[in-house]
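Inspection log for the structure reproduced underneath, given as structure tokens.
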Amino acid sequence: MPDPKGFLTTGRQTRRRRPVSERAQDWGEVYAGHPLLPVVSLQAGRCMDCGLPFCHNACPLGNLIPEWNDLVFHQDWEAAAERLHATNNFPEFTGRLCPAPCESSCVLAINADPVTIKEVEVAIADRAWSRGEVRPEPAPRATGRSVAVVGSGPAGLAGAQQLTRAGHAVTVYERADRVGGLLRYGIPDFRMAKRYLDRRIAQMRAEGTRFVTGTAVGTAVDAADLRARHDALLLAVGATAWRELALPGRELAGIHQAMEYLPIANRVCVGDLDAPTISAEGKDVVIVGGGDTAADCLGTALRQHARRVTQLDIHPQPPDTRSPDQPWPIHPKVHRLTASHEEAGHLYREQYGYPAGRPGADGDEDEAGGEAGDADRGGVPDGAGSAGRDLRAAAGGCSGGPDGPDIRTYAARTVRFDGTEGRVSGVTFVASAGPAAGPPGAAAEQAVPAQLVLLALGFAGPELDSPLAGQLGLELAPQGTFARDADFATGRDGVFVAGDAGRGQSLIVWAIAEGRSAAAAVDRYLAGSTALPAPIRATHRPLVL
């Protein structure tokens with residue numbers, strides 16, 4: 001086991017972010033280089049050999065967290081990498097992008113700071129790559145069976161890699177010009193550099209997986225024909241049908257979905273475009289919605305030198321600590337400061353002289369959907385001026401933190417988009433008790449200027465206007481996803497569904513777990529039995545109350 005007294009003698013220590021003044025001027029990752037391995041070993045030593053490691057259940061991948069913590073503490077990094085990859089195809093992705101429900105369920109988290117699980121995870125993965133310990137793992141023999149995988153997000157990639165390693169001939173079809181799905185064009189470089197994705201794809205190619213890009217199954221290729229050409233078909237097309245906000249003024253120019261905005265910025269970073277066709281430069285920006293996508297929009301807008309950014313979240317402000325109705329080991333909704341919100345608070349403090357001499361100096365507060373982290377509470381600005389202060393008082397908003405004002409206004413229901421000469425000029429909103437509340441009634445309206453509005457409202461499911469479902473005769477589940485049984489199989493023989501297309505929008509760890517489990521189901525369908533691991537069934541859900 002790790003240090004028997006480590007959780008008593010060693011405090012939690014997380015990676016340092018680069019200075020805001022530096023990182024907000026580029027697209028590099030927000031963290032400063034790689035963590036010092038001796039520090040990571042000490043953090044792994046805080047794992048307390050609790051006997052019943054709830055971190056296993058919180059992670060749908062079933063990551064062997066106590067095992068690789070022990071190996072890291074004892075400096076056996078190569079063995080730790082082997083145990084890490086035994087349950088996770090892409091730990092360098094999850095270590096950067098997952099909000100770490102495993103840490104919320106750490107037994108230490110009952111009354112202390114949890115183990116820095118995701119930072120130990122990414123340190124193991126990065127070290128293994130740097131030492132050349134991550135190599136292609138081609139199958140020892142071919143089965144003579146072929147599988148088509150539609151979609152190259154985390155579920156599709158995980159499923160494809162597992163099936164290739166089982167000996168099947170796997171072809172991945174991706175409608176975009178590059179492999180990766182939302183990992184490629186939906187996640188900004190400052191959260192995960194694309195070189196991590198590229199080297200995994202290179203590994204998969206070396207193992208024998210074939211990729212076909214720029215091909216939309218359902219239009220460019222008939223889905224039924226594709227099924228006929230292969231022994232099985234795995235659909236991992238994601239939940240890319242974004243939620244709309246059908247309000248007066250929605251037709252105005254300058255209002256865009258987050259997934260119209262973020263991919264363009266990513267294409268500029270990769271060199272496809274000289275300049276973004278949708279840019280926040282010099283504009284008042286309003287982001288409607290919360291969570292990681294909203295934070296990604298914020299970080300992108302700051303790097304494009306927006307004049308001011310306001311974020312409107314319909315949900316009430318979450319508490320700073322776990323509330324009684326979300327007991328351990330549930331992953332709670334608490335107030336978290338993402339790197340993007342930290343950046344905004346710092347930049348606006350400099351620009352507006354927070355806390356004095358700035359419009360809306362009362363600030364508002366962070367929201368619950370951001371990345372897990374240990375940054376102090378803090379804030380960012382809002383563009384609502386005195387109207388924003390009045391609304392936050394009515395809606396229960398909070399003051400800013402030590403890093404500056406907070407751009408987020410909680411319990412704010414958007415009621416219309418205002419415009420001039422066909423272009424958006426502002427957003428009007430009212431205080432609200434939350435998304436389940438009724439019409440706003442006579443609540444006082446407040447307005448904030450905006451020349452760019454970004455809708456980050458999440459995703460409803462797969463794109464139902466695609467011909468793919470009709471060509472395969474797929475049925476829909478009540479929530480609008482593709483219907484499937486507990487073993488990921490649809491009503492069409494040999495057609496399986498993995499990831500958000502069947503589950504609905506979820507975390508990256510659930511997508512990878514779905515890909516791995518669906519691959520086991522496909523392998524069983526083809527061979528009659530399987531040795532591939534299946535960490536979850538399609539009916540499994542995270543623990544909630």
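If you're wondering about the labels, chains in the structure tokens are A, B, ... by order shown, residues count from 1 in each chain, ligands from 1 in order shown.
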| field | Shell of 10 Å around Asp313 (chain A), only C-alpha atoms, local chain residues under 6 positions omitted, as a PyMOL selection string | value | chain A and resi 287-291+294+366-367+408-414+432+434-435+456-457
Could you take the residues named above and write them with all heavy atoms, as a CSV table (one decimal), in the first residue's frame?
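Generated output (selection_21.csv):
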```csv
chain,number,residue,atom,x,y,z
A,287,ILE,N,-22.7,34.8,-23.1
A,287,ILE,CA,-22.7,33.4,-23.2
A,287,ILE,C,-24.0,32.9,-22.4
A,287,ILE,O,-24.1,33.2,-21.2
A,287,ILE,CB,-21.5,32.7,-22.7
A,287,ILE,CG1,-20.2,33.2,-23.4
A,287,ILE,CG2,-21.6,31.2,-22.7
A,287,ILE,CD1,-18.9,32.9,-22.7
A,288,VAL,N,-24.9,32.2,-23.1
A,288,VAL,CA,-26.1,31.8,-22.4
A,288,VAL,C,-25.9,30.3,-22.1
A,288,VAL,O,-25.7,29.5,-23.0
A,288,VAL,CB,-27.3,32.0,-23.3
A,288,VAL,CG1,-28.6,31.5,-22.5
A,288,VAL,CG2,-27.5,33.5,-23.6
A,289,GLY,N,-25.8,29.9,-20.8
A,289,GLY,CA,-25.6,28.5,-20.5
A,289,GLY,C,-24.5,28.4,-19.5
A,289,GLY,O,-23.7,29.3,-19.2
A,290,GLY,N,-24.3,27.2,-19.0
A,290,GLY,CA,-23.2,26.9,-18.0
A,290,GLY,C,-22.5,25.7,-18.4
A,290,GLY,O,-22.8,25.0,-19.5
A,291,GLY,N,-21.5,25.2,-17.6
A,291,GLY,CA,-20.8,24.0,-17.9
A,291,GLY,C,-19.5,24.2,-18.7
A,291,GLY,O,-19.1,25.3,-18.9
A,294,ALA,N,-19.7,26.3,-22.0
A,294,ALA,CA,-19.7,27.8,-21.8
A,294,ALA,C,-18.3,28.3,-21.4
A,294,ALA,O,-17.9,29.3,-21.8
A,294,ALA,CB,-20.7,28.1,-20.7
A,366,ASP,N,-19.3,31.8,-9.8
A,366,ASP,CA,-19.0,30.7,-10.6
A,366,ASP,C,-20.1,29.6,-10.6
A,366,ASP,O,-21.0,29.7,-9.8
A,366,ASP,CB,-17.7,30.0,-10.1
A,366,ASP,CG,-16.6,31.0,-9.8
A,366,ASP,OD1,-16.7,31.6,-8.7
A,366,ASP,OD2,-15.7,31.1,-10.6
A,367,GLU,N,-20.0,28.7,-11.6
A,367,GLU,CA,-21.1,27.7,-11.7
A,367,GLU,C,-20.6,26.3,-11.6
A,367,GLU,O,-19.4,26.1,-11.6
A,367,GLU,CB,-21.8,28.0,-13.0
A,367,GLU,CG,-21.1,27.8,-14.3
A,367,GLU,CD,-21.1,26.4,-14.8
A,367,GLU,OE1,-22.1,25.7,-14.7
A,367,GLU,OE2,-20.1,26.0,-15.2
A,408,ARG,N,-20.4,35.5,-14.2
A,408,ARG,CA,-21.6,34.7,-14.2
A,408,ARG,C,-22.7,35.3,-13.4
A,408,ARG,O,-22.5,35.7,-12.3
A,408,ARG,CB,-21.3,33.3,-13.7
A,408,ARG,CG,-20.5,32.5,-14.7
A,408,ARG,CD,-20.0,31.2,-14.1
A,408,ARG,NE,-18.9,31.4,-13.3
A,408,ARG,CZ,-18.1,30.4,-12.9
A,408,ARG,NH1,-18.3,29.2,-13.2
A,408,ARG,NH2,-17.1,30.7,-12.1
A,409,THR,N,-23.9,35.4,-14.0
A,409,THR,CA,-25.1,35.8,-13.3
A,409,THR,C,-26.0,34.6,-13.2
A,409,THR,O,-26.4,34.0,-14.2
A,409,THR,CB,-25.8,36.9,-14.1
A,409,THR,OG1,-25.0,38.1,-14.2
A,409,THR,CG2,-27.2,37.3,-13.4
A,410,TYR,N,-26.2,34.2,-12.0
A,410,TYR,CA,-27.0,33.0,-11.8
A,410,TYR,C,-28.5,33.3,-11.7
A,410,TYR,O,-28.9,34.4,-11.5
A,410,TYR,CB,-26.6,32.3,-10.5
A,410,TYR,CG,-25.3,31.5,-10.6
A,410,TYR,CD1,-24.1,32.1,-10.2
A,410,TYR,CD2,-25.3,30.3,-11.2
A,410,TYR,CE1,-22.9,31.4,-10.3
A,410,TYR,CE2,-24.1,29.5,-11.3
A,410,TYR,CZ,-23.0,30.1,-10.9
A,410,TYR,OH,-21.8,29.4,-11.0
A,411,ALA,N,-29.3,32.2,-11.8
A,411,ALA,CA,-30.8,32.4,-11.8
A,411,ALA,C,-31.3,33.4,-12.7
A,411,ALA,O,-32.1,34.3,-12.4
A,411,ALA,CB,-31.2,32.7,-10.3
A,412,ALA,N,-30.7,33.4,-13.9
A,412,ALA,CA,-31.0,34.5,-14.9
A,412,ALA,C,-31.7,33.8,-16.1
A,412,ALA,O,-31.0,33.0,-16.8
A,412,ALA,CB,-29.8,35.2,-15.4
A,413,ARG,N,-32.9,34.1,-16.4
A,413,ARG,CA,-33.7,33.5,-17.5
A,413,ARG,C,-33.7,34.5,-18.7
A,413,ARG,O,-34.2,35.6,-18.5
A,413,ARG,CB,-35.1,33.2,-17.1
A,413,ARG,CG,-35.9,32.6,-18.2
A,413,ARG,CD,-37.4,32.4,-17.8
A,413,ARG,NE,-37.6,31.4,-16.8
A,413,ARG,CZ,-37.8,30.1,-17.0
A,413,ARG,NH1,-37.8,29.7,-18.3
A,413,ARG,NH2,-37.9,29.3,-16.0
A,414,THR,N,-33.1,34.1,-19.8
A,414,THR,CA,-33.1,34.9,-21.0
A,414,THR,C,-34.5,35.0,-21.5
A,414,THR,O,-35.2,33.9,-21.7
A,414,THR,CB,-32.2,34.3,-22.0
A,414,THR,OG1,-30.9,34.2,-21.5
A,414,THR,CG2,-32.1,35.2,-23.2
A,432,SER,N,-34.8,34.3,-12.1
A,432,SER,CA,-35.7,33.1,-12.2
A,432,SER,C,-35.3,32.2,-11.1
A,432,SER,O,-34.2,32.2,-10.6
A,432,SER,CB,-35.4,32.5,-13.6
A,432,SER,OG,-36.0,31.2,-13.6
A,434,GLY,N,-35.1,29.1,-11.6
A,434,GLY,CA,-34.4,27.9,-12.2
A,434,GLY,C,-35.2,27.5,-13.4
A,434,GLY,O,-36.2,28.0,-13.7
A,435,PRO,N,-34.6,26.4,-14.1
A,435,PRO,CA,-35.2,26.0,-15.4
A,435,PRO,C,-36.6,25.4,-15.2
A,435,PRO,O,-37.4,25.4,-16.2
A,435,PRO,CB,-34.2,24.9,-15.9
A,435,PRO,CG,-33.5,24.5,-14.7
A,435,PRO,CD,-33.4,25.7,-13.8
A,456,ALA,N,-24.7,28.0,-25.2
A,456,ALA,CA,-24.0,26.8,-24.7
A,456,ALA,C,-25.0,26.1,-23.8
A,456,ALA,O,-24.9,26.1,-22.6
A,456,ALA,CB,-22.8,27.2,-24.0
A,457,LEU,N,-26.0,25.5,-24.4
A,457,LEU,CA,-27.2,24.9,-23.7
A,457,LEU,C,-27.1,23.4,-23.7
A,457,LEU,O,-28.1,22.8,-23.3
A,457,LEU,CB,-28.5,25.4,-24.4
A,457,LEU,CG,-28.6,26.9,-24.5
A,457,LEU,CD1,-29.8,27.3,-25.3
A,457,LEU,CD2,-28.7,27.5,-23.1
```
| Neighbour list for region 321-328 of chain A as an MDAnalysis selection string, cut-off 8 Å, only C-alpha atoms, skip fewer than 3 positions in-chain | chainID A and resid 104:105 109:110 331:335 544:545
All heavy atoms of the current selection, written as a PDB file, in the first residue's frame:
```pdb
ATOM      1  N   SER A 104     -14.545  12.951  -6.131  1.00  0.00           N
ATOM      2  CA  SER A 104     -15.682  13.258  -5.251  1.00  0.00           C
ATOM      3  C   SER A 104     -16.045  12.058  -4.386  1.00  0.00           C
ATOM      4  O   SER A 104     -16.569  12.220  -3.285  1.00  0.00           O
ATOM      5  CB  SER A 104     -16.896  13.673  -6.093  1.00  0.00           C
ATOM      6  OG  SER A 104     -16.633  14.855  -6.812  1.00  0.00           O
ATOM      7  N   SER A 105     -15.784  10.835  -4.888  1.00  0.00           N
ATOM      8  CA  SER A 105     -16.145   9.631  -4.144  1.00  0.00           C
ATOM      9  C   SER A 105     -14.970   9.052  -3.367  1.00  0.00           C
ATOM     10  O   SER A 105     -15.109   8.002  -2.731  1.00  0.00           O
ATOM     11  CB  SER A 105     -16.689   8.570  -5.100  1.00  0.00           C
ATOM     12  OG  SER A 105     -15.664   8.089  -5.937  1.00  0.00           O
ATOM     13  N   ALA A 109     -12.584  12.271   0.844  1.00  0.00           N
ATOM     14  CA  ALA A 109     -13.454  13.417   0.595  1.00  0.00           C
ATOM     15  C   ALA A 109     -14.607  13.498   1.577  1.00  0.00           C
ATOM     16  O   ALA A 109     -15.337  14.489   1.589  1.00  0.00           O
ATOM     17  CB  ALA A 109     -13.998  13.375  -0.834  1.00  0.00           C
ATOM     18  N   ILE A 110     -14.792  12.489   2.407  1.00  0.00           N
ATOM     19  CA  ILE A 110     -15.852  12.557   3.424  1.00  0.00           C
ATOM     20  C   ILE A 110     -15.613  13.739   4.359  1.00  0.00           C
ATOM     21  O   ILE A 110     -16.537  14.477   4.702  1.00  0.00           O
ATOM     22  CB  ILE A 110     -15.930  11.245   4.227  1.00  0.00           C
ATOM     23  CG1 ILE A 110     -16.335  10.090   3.301  1.00  0.00           C
ATOM     24  CG2 ILE A 110     -16.898  11.376   5.399  1.00  0.00           C
ATOM     25  CD1 ILE A 110     -16.315   8.739   3.988  1.00  0.00           C
ATOM     26  N   HIS A 331     -21.131  12.770  -6.907  1.00  0.00           N
ATOM     27  CA  HIS A 331     -20.382  13.898  -7.473  1.00  0.00           C
ATOM     28  C   HIS A 331     -21.284  15.136  -7.374  1.00  0.00           C
ATOM     29  O   HIS A 331     -22.283  15.241  -8.080  1.00  0.00           O
ATOM     30  CB  HIS A 331     -20.022  13.614  -8.927  1.00  0.00           C
ATOM     31  CG  HIS A 331     -19.153  14.651  -9.555  1.00  0.00           C
ATOM     32  ND1 HIS A 331     -17.932  15.034  -9.028  1.00  0.00           N
ATOM     33  CD2 HIS A 331     -19.324  15.411 -10.673  1.00  0.00           C
ATOM     34  CE1 HIS A 331     -17.391  15.954  -9.802  1.00  0.00           C
ATOM     35  NE2 HIS A 331     -18.214  16.211 -10.788  1.00  0.00           N
ATOM     36  N   PRO A 332     -20.953  16.086  -6.497  1.00  0.00           N
ATOM     37  CA  PRO A 332     -21.904  17.158  -6.191  1.00  0.00           C
ATOM     38  C   PRO A 332     -21.797  18.347  -7.135  1.00  0.00           C
ATOM     39  O   PRO A 332     -20.770  18.567  -7.791  1.00  0.00           O
ATOM     40  CB  PRO A 332     -21.487  17.568  -4.784  1.00  0.00           C
ATOM     41  CG  PRO A 332     -19.986  17.388  -4.802  1.00  0.00           C
ATOM     42  CD  PRO A 332     -19.740  16.182  -5.677  1.00  0.00           C
ATOM     43  N   LYS A 333     -22.875  19.108  -7.183  1.00  0.00           N
ATOM     44  CA  LYS A 333     -22.831  20.410  -7.840  1.00  0.00           C
ATOM     45  C   LYS A 333     -22.359  21.420  -6.812  1.00  0.00           C
ATOM     46  O   LYS A 333     -23.073  21.744  -5.870  1.00  0.00           O
ATOM     47  CB  LYS A 333     -24.217  20.795  -8.362  1.00  0.00           C
ATOM     48  CG  LYS A 333     -24.566  20.231  -9.712  1.00  0.00           C
ATOM     49  CD  LYS A 333     -25.808  20.902 -10.271  1.00  0.00           C
ATOM     50  CE  LYS A 333     -26.056  20.475 -11.710  1.00  0.00           C
ATOM     51  NZ  LYS A 333     -27.231  21.180 -12.286  1.00  0.00           N
ATOM     52  N   VAL A 334     -21.158  21.897  -7.000  1.00  0.00           N
ATOM     53  CA  VAL A 334     -20.602  22.916  -6.117  1.00  0.00           C
ATOM     54  C   VAL A 334     -20.002  24.023  -6.970  1.00  0.00           C
ATOM     55  O   VAL A 334     -19.776  23.870  -8.169  1.00  0.00           O
ATOM     56  CB  VAL A 334     -19.530  22.335  -5.159  1.00  0.00           C
ATOM     57  CG1 VAL A 334     -20.146  21.320  -4.208  1.00  0.00           C
ATOM     58  CG2 VAL A 334     -18.390  21.712  -5.949  1.00  0.00           C
ATOM     59  N   HIS A 335     -19.731  25.120  -6.313  1.00  0.00           N
ATOM     60  CA  HIS A 335     -19.162  26.288  -6.979  1.00  0.00           C
ATOM     61  C   HIS A 335     -17.705  26.028  -7.308  1.00  0.00           C
ATOM     62  O   HIS A 335     -16.890  25.769  -6.432  1.00  0.00           O
ATOM     63  CB  HIS A 335     -19.310  27.464  -6.009  1.00  0.00           C
ATOM     64  CG  HIS A 335     -18.709  28.735  -6.503  1.00  0.00           C
ATOM     65  ND1 HIS A 335     -17.387  29.035  -6.366  1.00  0.00           N
ATOM     66  CD2 HIS A 335     -19.280  29.799  -7.111  1.00  0.00           C
ATOM     67  CE1 HIS A 335     -17.152  30.238  -6.866  1.00  0.00           C
ATOM     68  NE2 HIS A 335     -18.283  30.711  -7.324  1.00  0.00           N
ATOM     69  N   VAL A 544     -26.871   9.157  -8.464  1.00  0.00           N
ATOM     70  CA  VAL A 544     -27.458  10.471  -8.189  1.00  0.00           C
ATOM     71  C   VAL A 544     -28.621  10.286  -7.225  1.00  0.00           C
ATOM     72  O   VAL A 544     -29.116   9.178  -7.013  1.00  0.00           O
ATOM     73  CB  VAL A 544     -27.967  11.163  -9.484  1.00  0.00           C
ATOM     74  CG1 VAL A 544     -26.813  11.490 -10.407  1.00  0.00           C
ATOM     75  CG2 VAL A 544     -29.006  10.301 -10.186  1.00  0.00           C
ATOM     76  N   LEU A 545     -29.050  11.391  -6.629  1.00  0.00           N
ATOM     77  CA  LEU A 545     -30.246  11.388  -5.786  1.00  0.00           C
ATOM     78  C   LEU A 545     -31.302  12.277  -6.429  1.00  0.00           C
ATOM     79  O   LEU A 545     -30.981  13.289  -7.037  1.00  0.00           O
ATOM     80  CB  LEU A 545     -29.922  11.894  -4.385  1.00  0.00           C
ATOM     81  CG  LEU A 545     -29.128  10.923  -3.494  1.00  0.00           C
ATOM     82  CD1 LEU A 545     -28.918  11.542  -2.128  1.00  0.00           C
ATOM     83  CD2 LEU A 545     -29.860   9.591  -3.359  1.00  0.00           C
TER      84      LEU A 545
END
```
| request: Find the residue from A:Ile255, A:Met48, A:Val522, A:Leu37 that sits nearest to Leu455 (chain A); use only C-alpha atoms when measuring. | output: A:Ile255
Pick out the residues sitting within 9 Å of Asp500 (chain A), and hand them over as a PDB file with N, CA, C and O atoms, in the first residue's frame; count only C-alpha atoms, and ignore anything fewer than 6 positions along from it in its own chain.
```
ATOM      1  N   ALA A 155     -15.953   7.539 -27.770  1.00  0.00           N
ATOM      2  CA  ALA A 155     -16.614   6.229 -27.797  1.00  0.00           C
ATOM      3  C   ALA A 155     -16.224   5.453 -29.036  1.00  0.00           C
ATOM      4  O   ALA A 155     -15.901   4.256 -28.963  1.00  0.00           O
ATOM      5  N   ALA A 236     -21.348   5.399 -33.295  1.00  0.00           N
ATOM      6  CA  ALA A 236     -20.861   6.247 -32.197  1.00  0.00           C
ATOM      7  C   ALA A 236     -20.852   7.688 -32.693  1.00  0.00           C
ATOM      8  O   ALA A 236     -19.823   8.361 -32.697  1.00  0.00           O
ATOM      9  N   VAL A 237     -22.022   8.145 -33.124  1.00  0.00           N
ATOM     10  CA  VAL A 237     -22.125   9.446 -33.783  1.00  0.00           C
ATOM     11  C   VAL A 237     -22.314  10.600 -32.804  1.00  0.00           C
ATOM     12  O   VAL A 237     -22.366  11.762 -33.216  1.00  0.00           O
ATOM     13  N   GLY A 238     -22.405  10.294 -31.513  1.00  0.00           N
ATOM     14  CA  GLY A 238     -22.484  11.350 -30.516  1.00  0.00           C
ATOM     15  C   GLY A 238     -23.869  11.957 -30.405  1.00  0.00           C
ATOM     16  O   GLY A 238     -24.817  11.590 -31.109  1.00  0.00           O
ATOM     17  N   ALA A 239     -23.979  12.898 -29.489  1.00  0.00           N
ATOM     18  CA  ALA A 239     -25.209  13.672 -29.294  1.00  0.00           C
ATOM     19  C   ALA A 239     -24.916  15.094 -29.735  1.00  0.00           C
ATOM     20  O   ALA A 239     -24.642  15.977 -28.926  1.00  0.00           O
ATOM     21  N   THR A 240     -24.950  15.310 -31.037  1.00  0.00           N
ATOM     22  CA  THR A 240     -24.512  16.589 -31.596  1.00  0.00           C
ATOM     23  C   THR A 240     -25.665  17.516 -31.963  1.00  0.00           C
ATOM     24  O   THR A 240     -25.421  18.590 -32.512  1.00  0.00           O
ATOM     25  N   GLY A 461     -29.332  15.088 -28.223  1.00  0.00           N
ATOM     26  CA  GLY A 461     -29.149  13.713 -28.666  1.00  0.00           C
ATOM     27  C   GLY A 461     -28.545  13.688 -30.051  1.00  0.00           C
ATOM     28  O   GLY A 461     -28.022  14.696 -30.535  1.00  0.00           O
ATOM     29  N   PRO A 462     -28.608  12.536 -30.739  1.00  0.00           N
ATOM     30  CA  PRO A 462     -28.089  12.477 -32.111  1.00  0.00           C
ATOM     31  C   PRO A 462     -28.946  13.303 -33.051  1.00  0.00           C
ATOM     32  O   PRO A 462     -30.094  13.635 -32.742  1.00  0.00           O
ATOM     33  N   THR A 481     -32.695   9.538 -28.053  1.00  0.00           N
ATOM     34  CA  THR A 481     -31.478   8.843 -28.479  1.00  0.00           C
ATOM     35  C   THR A 481     -31.865   7.578 -29.242  1.00  0.00           C
ATOM     36  O   THR A 481     -33.027   7.196 -29.307  1.00  0.00           O
ATOM     37  N   SER A 506     -22.947  13.109 -21.989  1.00  0.00           N
ATOM     38  CA  SER A 506     -22.373  12.618 -20.744  1.00  0.00           C
ATOM     39  C   SER A 506     -20.896  12.966 -20.709  1.00  0.00           C
ATOM     40  O   SER A 506     -20.398  13.722 -21.555  1.00  0.00           O
ATOM     41  N   LEU A 507     -20.187  12.384 -19.756  1.00  0.00           N
ATOM     42  CA  LEU A 507     -18.769  12.665 -19.559  1.00  0.00           C
ATOM     43  C   LEU A 507     -17.908  11.791 -20.457  1.00  0.00           C
ATOM     44  O   LEU A 507     -18.320  10.715 -20.905  1.00  0.00           O
ATOM     45  N   TRP A 510     -17.586   8.146 -19.461  1.00  0.00           N
ATOM     46  CA  TRP A 510     -18.719   7.307 -19.845  1.00  0.00           C
ATOM     47  C   TRP A 510     -18.639   6.955 -21.325  1.00  0.00           C
ATOM     48  O   TRP A 510     -18.986   5.835 -21.738  1.00  0.00           O
ATOM     49  N   ALA A 511     -18.196   7.881 -22.159  1.00  0.00           N
ATOM     50  CA  ALA A 511     -18.065   7.596 -23.591  1.00  0.00           C
ATOM     51  C   ALA A 511     -17.051   6.494 -23.835  1.00  0.00           C
ATOM     52  O   ALA A 511     -17.296   5.557 -24.619  1.00  0.00           O
ATOM     53  N   GLU A 514     -18.424   3.212 -22.635  1.00  0.00           N
ATOM     54  CA  GLU A 514     -19.411   2.706 -23.586  1.00  0.00           C
ATOM     55  C   GLU A 514     -18.717   2.093 -24.802  1.00  0.00           C
ATOM     56  O   GLU A 514     -19.126   1.039 -25.302  1.00  0.00           O
TER      57      GLU A 514
END
```
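Distances to Val134 (chain A) were evaluated for A:His540, A:Arg200, A:Lys5, A:Arg18 using only C-alpha atoms, and the minimum falls at A:Arg200.
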| said: What parts of region 94-194 of chain A does DSSP call helix (DSSP H, G or I)? I'd like the answer as JSON, numbers by chain. | reply: {"A": [94, 95, 96, 97, 101, 102, 103, 104, 107, 108, 109, 110, 117, 118, 119, 120, 121, 122, 123, 124, 125, 126, 127, 128, 129, 130, 154, 155, 156, 157, 158, 159, 160, 161, 162, 163, 164, 165, 182, 183, 184, 185, 194]}
| Shell of 9 Å around region 158-172 of chain A, only C-alpha atoms, local chain residues under 5 positions omitted, as a PyMOL selection string | chain A and resi 88-90+137-153+179+204+207-213+234+236+498+511-520+522-523+530-532
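Nearest to Leu464 (chain A) of all the residues A:His85, A:Gly218, A:Ile124, A:Ala344 is A:Gly218, based on only C-alpha atoms.
When only C-alpha atoms are used to compute distances to Pro19 (chain A), the closest of the residues A:Glu342, A:Tyr261, A:Ala241, A:Pro114 turns out to be A:Glu342.
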| note | Counting only C-alpha atoms, the residue among A:Val107, A:Glu244, A:Glu350, A:Ala483 that lies closest to Ala460 (chain A) is A:Glu244
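Picture a line from CA of Val453 (chain A) to CA of Ser425 (chain A); it runs 9.3 Å.
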| Could you state the separation of CA of Ala477 (chain A) and CA of Ile508 (chain A) in Å, given to one decimal place? | 21.5 Å
